[in-house]
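Data first, discussion second: the structure below is written as structure tokens.
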Amino acid sequence: MAVLFGSVLHIPDPNDPERDRFILSKGHAALALYAALHVRGWISASDLSTYCSDGTYLGVHPEFAQKGVDFCSGSLGQGLPIGVGAALAARMQLSQRRVFVLVSDAECNEGSLWEAVMFAAHHKLSNLVVIIDLNGQQALGYTNQVINLAPMVERWRAFGWDVHDVDGHDIPGLQNTIESLTVSVGAPHVLIAHTVFGKGVSYMENQIKWHYWPMSESEYQQALQENGVE
Amino acid sequence: MRSTFINALVEIAKIDTRIVLLTGDLGYLAIEPFMDQFPDRFFNIGVAEQDMVGIATGLAESGFIPFVYSIVPFAVLRPYEFIRNGPIMHQFPVRIVGIGGGMEYGTNGATHYGLEDIGLMRMHPGMSVIVPADYGQAKTCLDATWNLPGPVYYRLSKDNQTLIPGLSGRFELGHTQNIRTGTDLIMITIGNITSEAVKAADLLESMGISCAVVSVASMNPSPIGDLQETLSHYRVAITVETHYVTGGLGSLVSEVIAEAGLTCRLVRCGVKTTPTGMTGSQEYMLRLHGLTGEQLAKTASEALRQIPPR
């Protein structure tokens, strides 16, 4: 998200029809999106503090009514079909704009995602970039115990995509990979981004319960300390 | 009416380049005029209806008006959540075109029937629901609604032959169309079963019973004002639909009668039981569910007889 909103996405204004589109298909990660939109100046600090309070547009999942959110998300498996439509629209309108879709690994359980994967490859939508947050976890367990997704690289390659196996925490590496992608007609692109769930917070890393569990005040302070935040 | 609809869509697409047609690999001998004239604005998405509605959502956000074409259950039921979270929630001008509806796909069996689509779609305040009664009305419906800002669901029959006498293609969003006048009772109908309702009214007339027939093609926005006014003149109303009696026209008319405090008695004719697996032609299935003109006339006359004299 930092790489996309920090340097990749071309969004002079969230209402510019020629802007790049971004879909947080794993809508439950909306907090990260809100932080990015705040840094870009599209969510004020006071609005940010309304998160999940009555009457806010900043709920657990992104809402289209919020400036900077292109599409509602939260129902897994829907973001990529919409992103394919957005990429097809750009192609039909002879636009250079691109579409980025961030999906979760467990979201690849959804059949609708693979419908979109096939369509995008068939129509060579090279203006489409998917990033998979491959943290190996889902709500109730580890992905290799629920529905095994391996081998991801081979699967996406078999579906005709341009596959990049990357470290999801390597910011310069992600930036270089995305910059190297060709936008002219060819295969759509996917970054299989290996990540660690709860990265940087010792008691959260790779722990299933933190998909749902709320932090206590002392846990919150510890997380800030471990990440050097005063 | 699907051919008329596609031909009318071709005419609109000639003047508006935002029109795009997507199909879920269906529409043989129906959609070819559009495919041939606008190959750059036609996509066979494949047998992937969820993807199709998602793609339509993405296209609509970029300024297109995508028409999404399939048989009713595959156009509505399979991608239902995509329709809700996409076109409805964002209020994008996606058009869902469902072919068939009711038991029009006869011997194809219950997987191909559409018995709950109107209910599911009209439940959403942000979704226009349009159900023409014949091919003449299919064209005027399209002409009147293709450019609406929000999403639209069209339920279209395969029947390209039948014209309802007295309808003359009339359509107005949010209003009913009177097909024939009558003083003893009223039949309110929707879609291509209207022809059976008209037959029933003819039969009733030969029995000395004067039956009005009103068509509801604009299910959403619902013609609440027209229905209230019309129903206030009758003591017996019969709704006729190829749909479960819950959720569709029968429910709408019930709501109007109850909310306006009318004294009209309502008999809902439609499908009341889960398909058993036994199948047959559309005509056979209509007979099975009491929806032929003869059966409707009988139901209506019995309902009238049960009303105490004034």
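Just remember, in the structure tokens the first chain shown is A, the second B, etc., residues are 1-based per chain, and ligands are 1-based in the order shown.
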Residues within 8 Å of range 111-115 of chain A, only C-alpha atoms, excluding chain neighbours under 2 positions, as an mmCIF file with C-alpha atoms, in the first residue's frame:
data_model
loop_
_atom_site.group_PDB
_atom_site.id
_atom_site.type_symbol
_atom_site.label_atom_id
_atom_site.label_comp_id
_atom_site.auth_asym_id
_atom_site.auth_seq_id
_atom_site.Cartn_x
_atom_site.Cartn_y
_atom_site.Cartn_z
ATOM 1 C CA GLY A 77 -13.747 -12.571 -4.789
ATOM 2 C CA GLN A 78 -15.426 -9.460 -6.169
ATOM 3 C CA LEU A 80 -10.736 -8.765 -9.395
ATOM 4 C CA PRO A 81 -13.779 -9.061 -11.715
ATOM 5 C CA GLU A 107 -9.422 -14.949 -1.418
ATOM 6 C CA CYS A 108 -8.039 -17.265 -4.075
ATOM 7 C CA ASN A 109 -10.485 -19.834 -2.639
ATOM 8 C CA VAL A 117 -8.093 -14.511 -14.020
ATOM 9 C CA MET A 118 -9.049 -16.409 -17.176
ATOM 10 C CA PHE A 119 -10.786 -13.456 -18.831
ATOM 11 C CA ALA B 48 -18.898 -16.842 -15.776
ATOM 12 C CA GLN B 50 -20.216 -13.390 -11.459
ATOM 13 C CA ASP B 51 -17.243 -12.209 -13.480
#
> Counting only C-alpha atoms, which residues from chain A have an atom at most 6 Å from any atom of chain B, and could you show them as a PyMOL selection string?
Replying inline: chain A and resi 81-82+84-86+89+115-116
>> as an NGL selection string, please: the residues near range 67-73 of chain A (cut-off 10 Å, only C-alpha atoms, same-chain neighbours under 5 positions excluded).
In response: (:A and (11 or 13-15 or 20-28 or 30 or 33-34 or 36-38 or 40-43 or 57 or 61-62 or 78-79 or 82-83)) or (:B and (57-58 or 61 or 85-86 or 89-90))
>> Please extract the residues of range 203-257 of chain B with a backbone DSSP assignment of alpha helix (DSSP H) and present them as number ranges by chain.
In response: B: 203-206, 224-231, 249-257
Limited to all heavy atoms, could you put the picked residues into a file as a short mmCIF file (atom, residue, chain, number, x, y, z; two decimals), in the first residue's frame?
data_model
loop_
_atom_site.label_atom_id
_atom_site.label_comp_id
_atom_site.auth_asym_id
_atom_site.auth_seq_id
_atom_site.Cartn_x
_atom_site.Cartn_y
_atom_site.Cartn_z
N LEU B 203 -63.14 -14.71 -21.61
CA LEU B 203 -64.02 -15.80 -21.16
C LEU B 203 -65.02 -15.30 -20.12
O LEU B 203 -66.20 -15.65 -20.15
CB LEU B 203 -63.18 -16.93 -20.56
CG LEU B 203 -62.40 -17.77 -21.57
CD1 LEU B 203 -61.38 -18.65 -20.85
CD2 LEU B 203 -63.38 -18.65 -22.36
N LEU B 204 -64.52 -14.48 -19.20
CA LEU B 204 -65.41 -13.95 -18.16
C LEU B 204 -66.51 -13.11 -18.78
O LEU B 204 -67.67 -13.16 -18.36
CB LEU B 204 -64.59 -13.12 -17.16
CG LEU B 204 -63.69 -13.94 -16.23
CD1 LEU B 204 -62.67 -13.04 -15.53
CD2 LEU B 204 -64.51 -14.69 -15.18
N GLU B 205 -66.13 -12.35 -19.80
CA GLU B 205 -67.13 -11.50 -20.47
C GLU B 205 -68.24 -12.36 -21.06
O GLU B 205 -69.42 -12.03 -20.97
CB GLU B 205 -66.45 -10.67 -21.56
CG GLU B 205 -67.34 -9.58 -22.12
CD GLU B 205 -66.55 -8.63 -23.00
OE1 GLU B 205 -65.74 -7.86 -22.44
OE2 GLU B 205 -66.72 -8.70 -24.23
N SER B 206 -67.84 -13.51 -21.65
CA SER B 206 -68.86 -14.40 -22.23
C SER B 206 -69.75 -15.01 -21.15
O SER B 206 -70.83 -15.50 -21.43
CB SER B 206 -68.17 -15.50 -23.05
OG SER B 206 -67.47 -16.37 -22.18
N ILE B 224 -47.42 2.68 -7.38
CA ILE B 224 -48.24 2.62 -6.17
C ILE B 224 -49.48 3.51 -6.28
O ILE B 224 -50.59 3.10 -5.96
CB ILE B 224 -47.38 2.98 -4.94
CG1 ILE B 224 -46.36 1.86 -4.72
CG2 ILE B 224 -48.24 3.17 -3.69
CD1 ILE B 224 -45.33 2.13 -3.66
N GLY B 225 -49.28 4.73 -6.77
CA GLY B 225 -50.42 5.66 -6.89
C GLY B 225 -51.48 5.12 -7.82
O GLY B 225 -52.68 5.11 -7.49
N ASP B 226 -51.07 4.64 -8.98
CA ASP B 226 -52.03 4.10 -9.95
C ASP B 226 -52.77 2.90 -9.37
O ASP B 226 -53.99 2.76 -9.52
CB ASP B 226 -51.32 3.64 -11.23
CG ASP B 226 -50.88 4.81 -12.10
OD1 ASP B 226 -51.13 5.97 -11.70
OD2 ASP B 226 -50.29 4.56 -13.17
N LEU B 227 -52.04 2.02 -8.71
CA LEU B 227 -52.67 0.81 -8.17
C LEU B 227 -53.67 1.18 -7.08
O LEU B 227 -54.78 0.65 -7.02
CB LEU B 227 -51.60 -0.15 -7.62
CG LEU B 227 -50.79 -0.91 -8.66
CD1 LEU B 227 -49.65 -1.69 -8.00
CD2 LEU B 227 -51.66 -1.87 -9.47
N GLN B 228 -53.28 2.11 -6.22
CA GLN B 228 -54.20 2.53 -5.15
C GLN B 228 -55.50 3.06 -5.72
O GLN B 228 -56.58 2.68 -5.30
CB GLN B 228 -53.55 3.67 -4.36
CG GLN B 228 -52.92 3.24 -3.05
CD GLN B 228 -52.35 4.45 -2.31
OE1 GLN B 228 -52.82 5.57 -2.42
NE2 GLN B 228 -51.30 4.20 -1.57
N GLU B 229 -55.34 3.91 -6.71
CA GLU B 229 -56.52 4.54 -7.29
C GLU B 229 -57.40 3.48 -7.96
O GLU B 229 -58.61 3.40 -7.73
CB GLU B 229 -56.06 5.60 -8.31
CG GLU B 229 -57.04 6.74 -8.52
CD GLU B 229 -58.27 6.33 -9.31
OE1 GLU B 229 -58.14 5.61 -10.32
OE2 GLU B 229 -59.39 6.73 -8.90
N THR B 230 -56.77 2.63 -8.76
CA THR B 230 -57.53 1.63 -9.50
C THR B 230 -58.20 0.64 -8.55
O THR B 230 -59.39 0.32 -8.69
CB THR B 230 -56.58 0.85 -10.46
OG1 THR B 230 -55.91 1.81 -11.26
CG2 THR B 230 -57.36 -0.10 -11.34
N LEU B 231 -57.43 0.13 -7.60
CA LEU B 231 -57.96 -0.90 -6.70
C LEU B 231 -59.11 -0.38 -5.84
O LEU B 231 -59.96 -1.16 -5.39
CB LEU B 231 -56.83 -1.44 -5.81
CG LEU B 231 -55.84 -2.36 -6.52
CD1 LEU B 231 -54.55 -2.48 -5.72
CD2 LEU B 231 -56.44 -3.74 -6.76
N LEU B 249 -45.44 -9.59 -8.03
CA LEU B 249 -46.61 -8.73 -8.22
C LEU B 249 -47.66 -8.94 -7.13
O LEU B 249 -48.25 -7.97 -6.63
CB LEU B 249 -47.21 -9.00 -9.60
CG LEU B 249 -48.41 -8.13 -9.98
CD1 LEU B 249 -48.02 -6.68 -10.10
CD2 LEU B 249 -49.03 -8.63 -11.29
N GLY B 250 -47.90 -10.21 -6.76
CA GLY B 250 -48.89 -10.49 -5.72
C GLY B 250 -48.53 -9.78 -4.43
O GLY B 250 -49.40 -9.23 -3.73
N SER B 251 -47.25 -9.78 -4.10
CA SER B 251 -46.82 -9.09 -2.89
C SER B 251 -46.99 -7.58 -3.02
O SER B 251 -47.43 -6.91 -2.09
CB SER B 251 -45.36 -9.43 -2.58
OG SER B 251 -45.26 -10.74 -2.08
N LEU B 252 -46.61 -7.06 -4.17
CA LEU B 252 -46.75 -5.61 -4.37
C LEU B 252 -48.20 -5.17 -4.18
O LEU B 252 -48.48 -4.20 -3.46
CB LEU B 252 -46.26 -5.22 -5.78
CG LEU B 252 -46.56 -3.78 -6.21
CD1 LEU B 252 -45.85 -2.77 -5.31
CD2 LEU B 252 -46.17 -3.55 -7.67
N VAL B 253 -49.11 -5.89 -4.82
CA VAL B 253 -50.53 -5.49 -4.72
C VAL B 253 -51.03 -5.67 -3.28
O VAL B 253 -51.78 -4.83 -2.78
CB VAL B 253 -51.37 -6.28 -5.75
CG1 VAL B 253 -52.86 -6.01 -5.56
CG2 VAL B 253 -50.95 -5.90 -7.17
N SER B 254 -50.58 -6.73 -2.62
CA SER B 254 -50.94 -6.91 -1.19
C SER B 254 -50.50 -5.71 -0.37
O SER B 254 -51.23 -5.21 0.49
CB SER B 254 -50.26 -8.15 -0.60
OG SER B 254 -50.52 -9.28 -1.35
N GLU B 255 -49.27 -5.28 -0.63
CA GLU B 255 -48.71 -4.15 0.13
C GLU B 255 -49.55 -2.89 -0.10
O GLU B 255 -49.85 -2.15 0.84
CB GLU B 255 -47.26 -3.89 -0.32
CG GLU B 255 -46.29 -4.99 0.09
CD GLU B 255 -45.03 -5.05 -0.78
OE1 GLU B 255 -44.75 -4.06 -1.49
OE2 GLU B 255 -44.36 -6.10 -0.76
N VAL B 256 -49.94 -2.69 -1.37
CA VAL B 256 -50.71 -1.48 -1.69
C VAL B 256 -52.07 -1.53 -1.00
O VAL B 256 -52.50 -0.55 -0.38
CB VAL B 256 -50.88 -1.34 -3.22
CG1 VAL B 256 -51.88 -0.25 -3.56
CG2 VAL B 256 -49.53 -1.06 -3.88
N ILE B 257 -52.73 -2.69 -1.07
CA ILE B 257 -54.06 -2.82 -0.44
C ILE B 257 -53.95 -2.60 1.07
O ILE B 257 -54.73 -1.86 1.66
CB ILE B 257 -54.66 -4.21 -0.76
CG1 ILE B 257 -55.02 -4.29 -2.24
CG2 ILE B 257 -55.88 -4.49 0.12
CD1 ILE B 257 -55.43 -5.68 -2.71
#
> What is the distance between CA of Thr183 in chain B and CA of Val129 in chain B, in Å to one decimal?
Replying inline: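 A separation of 29.3 Å between them.
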>> Need the shell around Leu142 in chain B: protein/DNA/RNA residues with any atom at most 8 Å away, counting only C-alpha atoms. Skip same-chain ones fewer than 3 positions apart. Format as a list of chain:residue names?
In response: B:Phe5, B:Ala8, B:Leu9, B:Ala138, B:Lys139, B:Thr145, B:Trp146
>> List the spatial neighbours of Met127 in chain B as JSON, numbers by chain - criterion: any atom at most 9 Å away, only C-alpha atoms, same-chain residues fewer than 6 positions off excluded.
In response: {"B": [87, 88, 91, 121, 150, 151, 152, 153, 220, 221]}
>> If we count only C-alpha atoms and set the cut-off at 10 Å, which residues sit around Gln96 in chain A, ignoring sequence neighbours fewer than 2 positions away in its own chain? Please answer as a PyMOL selection string.
In response: chain A and resi 18-20+87+90-91+93-94+98+127+183-184
Store the residues of this selection in a file with N, CA and C atoms, as a PDB file, in the first residue's frame.
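Full text of selection-v6.pdb as output:
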ATOM      1  N   GLU A  18      -9.100   9.894 -15.583  1.00  0.00           N
ATOM      2  CA  GLU A  18      -7.890   9.259 -16.148  1.00  0.00           C
ATOM      3  C   GLU A  18      -6.937   8.752 -15.073  1.00  0.00           C
ATOM      4  N   ARG A  19      -7.362   8.803 -13.835  1.00  0.00           N
ATOM      5  CA  ARG A  19      -6.490   8.310 -12.750  1.00  0.00           C
ATOM      6  C   ARG A  19      -6.353   6.790 -12.854  1.00  0.00           C
ATOM      7  N   ASP A  20      -5.277   6.261 -12.288  1.00  0.00           N
ATOM      8  CA  ASP A  20      -5.192   4.818 -12.103  1.00  0.00           C
ATOM      9  C   ASP A  20      -6.272   4.402 -11.103  1.00  0.00           C
ATOM     10  N   ALA A  87     -10.009  -2.374 -16.220  1.00  0.00           N
ATOM     11  CA  ALA A  87      -8.880  -2.476 -17.156  1.00  0.00           C
ATOM     12  C   ALA A  87      -9.380  -2.575 -18.601  1.00  0.00           C
ATOM     13  N   ALA A  90     -10.359   0.863 -19.740  1.00  0.00           N
ATOM     14  CA  ALA A  90      -9.194   1.682 -20.110  1.00  0.00           C
ATOM     15  C   ALA A  90      -8.709   1.293 -21.507  1.00  0.00           C
ATOM     16  N   ARG A  91      -8.662  -0.005 -21.761  1.00  0.00           N
ATOM     17  CA  ARG A  91      -8.252  -0.490 -23.087  1.00  0.00           C
ATOM     18  C   ARG A  91      -9.189   0.044 -24.174  1.00  0.00           C
ATOM     19  N   GLN A  93     -11.064   2.627 -24.115  1.00  0.00           N
ATOM     20  CA  GLN A  93     -11.008   4.091 -24.234  1.00  0.00           C
ATOM     21  C   GLN A  93      -9.616   4.573 -24.652  1.00  0.00           C
ATOM     22  N   LEU A  94      -8.756   3.626 -25.009  1.00  0.00           N
ATOM     23  CA  LEU A  94      -7.390   3.938 -25.461  1.00  0.00           C
ATOM     24  C   LEU A  94      -6.645   4.788 -24.432  1.00  0.00           C
ATOM     25  N   ARG A  98      -3.845   2.543 -15.473  1.00  0.00           N
ATOM     26  CA  ARG A  98      -3.693   1.156 -15.061  1.00  0.00           C
ATOM     27  C   ARG A  98      -4.620   0.832 -13.888  1.00  0.00           C
ATOM     28  N   ASN A 127      -2.600  -3.921 -18.671  1.00  0.00           N
ATOM     29  CA  ASN A 127      -2.750  -2.725 -17.826  1.00  0.00           C
ATOM     30  C   ASN A 127      -3.319  -3.080 -16.459  1.00  0.00           C
ATOM     31  N   VAL A 183       3.266  -2.208 -19.980  1.00  0.00           N
ATOM     32  CA  VAL A 183       1.847  -1.839 -20.033  1.00  0.00           C
ATOM     33  C   VAL A 183       1.279  -2.115 -21.411  1.00  0.00           C
ATOM     34  N   SER A 184       2.153  -2.258 -22.423  1.00  0.00           N
ATOM     35  CA  SER A 184       1.642  -2.551 -23.770  1.00  0.00           C
ATOM     36  C   SER A 184       1.043  -3.947 -23.777  1.00  0.00           C
TER      37      SER A 184
END
> Using only C-alpha atoms, which residues sit within 12 Å of Thr299 in chain B once same-chain residues fewer than 6 positions away are excluded, as a list in words?
Replying inline: Leu185, Met187, Ala197, Ala200, Ala201, Leu203, Leu204, Val236, Ala237, Ile238, Thr239, Val240, Leu266, Val267, Arg268, Cys269, Gly270, His289, Gly290, Leu291, Thr292, Gly293, Arg305 and Gln306 of chain B
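In this model, the gap between CA of Gly200 in chain A and CA of Gly168 in chain A comes to 13.2 Å.
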> Which parts of range 37-179 of chain A does DSSP call strand (DSSP E) when run on the backbone here, written out as number ranges by chain?
Replying inline: A: 99-104, 128-134, 137-138, 141-142, 162-167
Take the residues from that selection and put them in a file with N, CA, C and O atoms, as a compact mmCIF listing (two decimals), in the first residue's frame.
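And here's part27.txt as it stands now:
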# COMPACT_ATOMS: atom_id res chain seq x y z
N VAL A 99 -4.76 -0.44 -13.65
CA VAL A 99 -5.63 -0.90 -12.57
C VAL A 99 -4.83 -1.83 -11.67
O VAL A 99 -4.19 -2.78 -12.16
N PHE A 100 -4.85 -1.55 -10.38
CA PHE A 100 -4.15 -2.38 -9.39
C PHE A 100 -5.18 -2.99 -8.44
O PHE A 100 -6.06 -2.27 -7.94
N VAL A 101 -5.07 -4.28 -8.24
CA VAL A 101 -6.00 -4.97 -7.34
C VAL A 101 -5.19 -5.73 -6.30
O VAL A 101 -4.34 -6.55 -6.65
N LEU A 102 -5.45 -5.43 -5.05
CA LEU A 102 -4.77 -6.14 -3.95
C LEU A 102 -5.71 -7.20 -3.40
O LEU A 102 -6.79 -6.87 -2.89
N VAL A 103 -5.32 -8.47 -3.54
CA VAL A 103 -6.17 -9.56 -3.07
C VAL A 103 -5.46 -10.31 -1.95
O VAL A 103 -4.23 -10.27 -1.84
N SER A 104 -6.23 -11.01 -1.16
CA SER A 104 -5.62 -11.84 -0.12
C SER A 104 -5.35 -13.22 -0.70
O SER A 104 -5.91 -13.58 -1.75
N LEU A 128 -3.38 -4.38 -16.19
CA LEU A 128 -3.92 -4.87 -14.92
C LEU A 128 -2.79 -5.50 -14.09
O LEU A 128 -2.05 -6.35 -14.60
N VAL A 129 -2.70 -5.08 -12.83
CA VAL A 129 -1.69 -5.63 -11.93
C VAL A 129 -2.38 -6.14 -10.66
O VAL A 129 -3.08 -5.37 -9.99
N VAL A 130 -2.18 -7.41 -10.39
CA VAL A 130 -2.73 -7.99 -9.15
C VAL A 130 -1.58 -8.20 -8.18
O VAL A 130 -0.50 -8.63 -8.56
N ILE A 131 -1.82 -7.86 -6.93
CA ILE A 131 -0.84 -8.14 -5.88
C ILE A 131 -1.51 -9.07 -4.87
O ILE A 131 -2.60 -8.75 -4.36
N ILE A 132 -0.89 -10.21 -4.64
CA ILE A 132 -1.46 -11.17 -3.68
C ILE A 132 -0.69 -11.05 -2.37
O ILE A 132 0.54 -11.19 -2.35
N ASP A 133 -1.42 -10.78 -1.31
CA ASP A 133 -0.82 -10.74 0.03
C ASP A 133 -0.75 -12.17 0.54
O ASP A 133 -1.67 -12.67 1.18
N LEU A 134 0.38 -12.82 0.25
CA LEU A 134 0.53 -14.25 0.55
C LEU A 134 1.08 -14.42 1.97
O LEU A 134 2.27 -14.67 2.16
N GLN A 137 -2.27 -17.14 5.88
CA GLN A 137 -3.27 -17.27 6.94
C GLN A 137 -4.65 -16.87 6.44
O GLN A 137 -4.78 -16.03 5.55
N GLN A 138 -5.66 -17.47 7.03
CA GLN A 138 -7.01 -17.00 6.81
C GLN A 138 -7.75 -17.00 8.13
O GLN A 138 -7.14 -17.28 9.18
N GLY A 141 -7.60 -20.42 10.14
CA GLY A 141 -6.46 -21.33 10.12
C GLY A 141 -5.41 -20.91 9.10
O GLY A 141 -5.51 -19.84 8.49
N TYR A 142 -4.39 -21.75 8.95
CA TYR A 142 -3.35 -21.50 7.95
C TYR A 142 -3.82 -22.03 6.60
O TYR A 142 -4.48 -23.07 6.53
N ASP A 162 1.72 -13.02 -16.21
CA ASP A 162 3.12 -12.67 -16.02
C ASP A 162 3.36 -12.62 -14.50
O ASP A 162 2.88 -11.71 -13.82
N VAL A 163 4.07 -13.63 -13.99
CA VAL A 163 4.13 -13.84 -12.54
C VAL A 163 5.46 -13.35 -11.95
O VAL A 163 6.52 -13.63 -12.51
N HIS A 164 5.40 -12.65 -10.84
CA HIS A 164 6.59 -12.19 -10.13
C HIS A 164 6.50 -12.63 -8.68
O HIS A 164 5.55 -12.24 -7.98
N ASP A 165 7.46 -13.44 -8.26
CA ASP A 165 7.49 -13.96 -6.89
C ASP A 165 8.34 -13.00 -6.06
O ASP A 165 9.55 -12.90 -6.29
N VAL A 166 7.73 -12.27 -5.13
CA VAL A 166 8.45 -11.17 -4.48
C VAL A 166 8.29 -11.20 -2.96
O VAL A 166 7.38 -11.85 -2.43
N ASP A 167 9.16 -10.47 -2.30
CA ASP A 167 9.08 -10.28 -0.86
C ASP A 167 8.16 -9.09 -0.61
O ASP A 167 8.48 -7.96 -0.98
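One finds CA of Val39 in chain A at 12.2 Å from CA of Ser7 in chain A.
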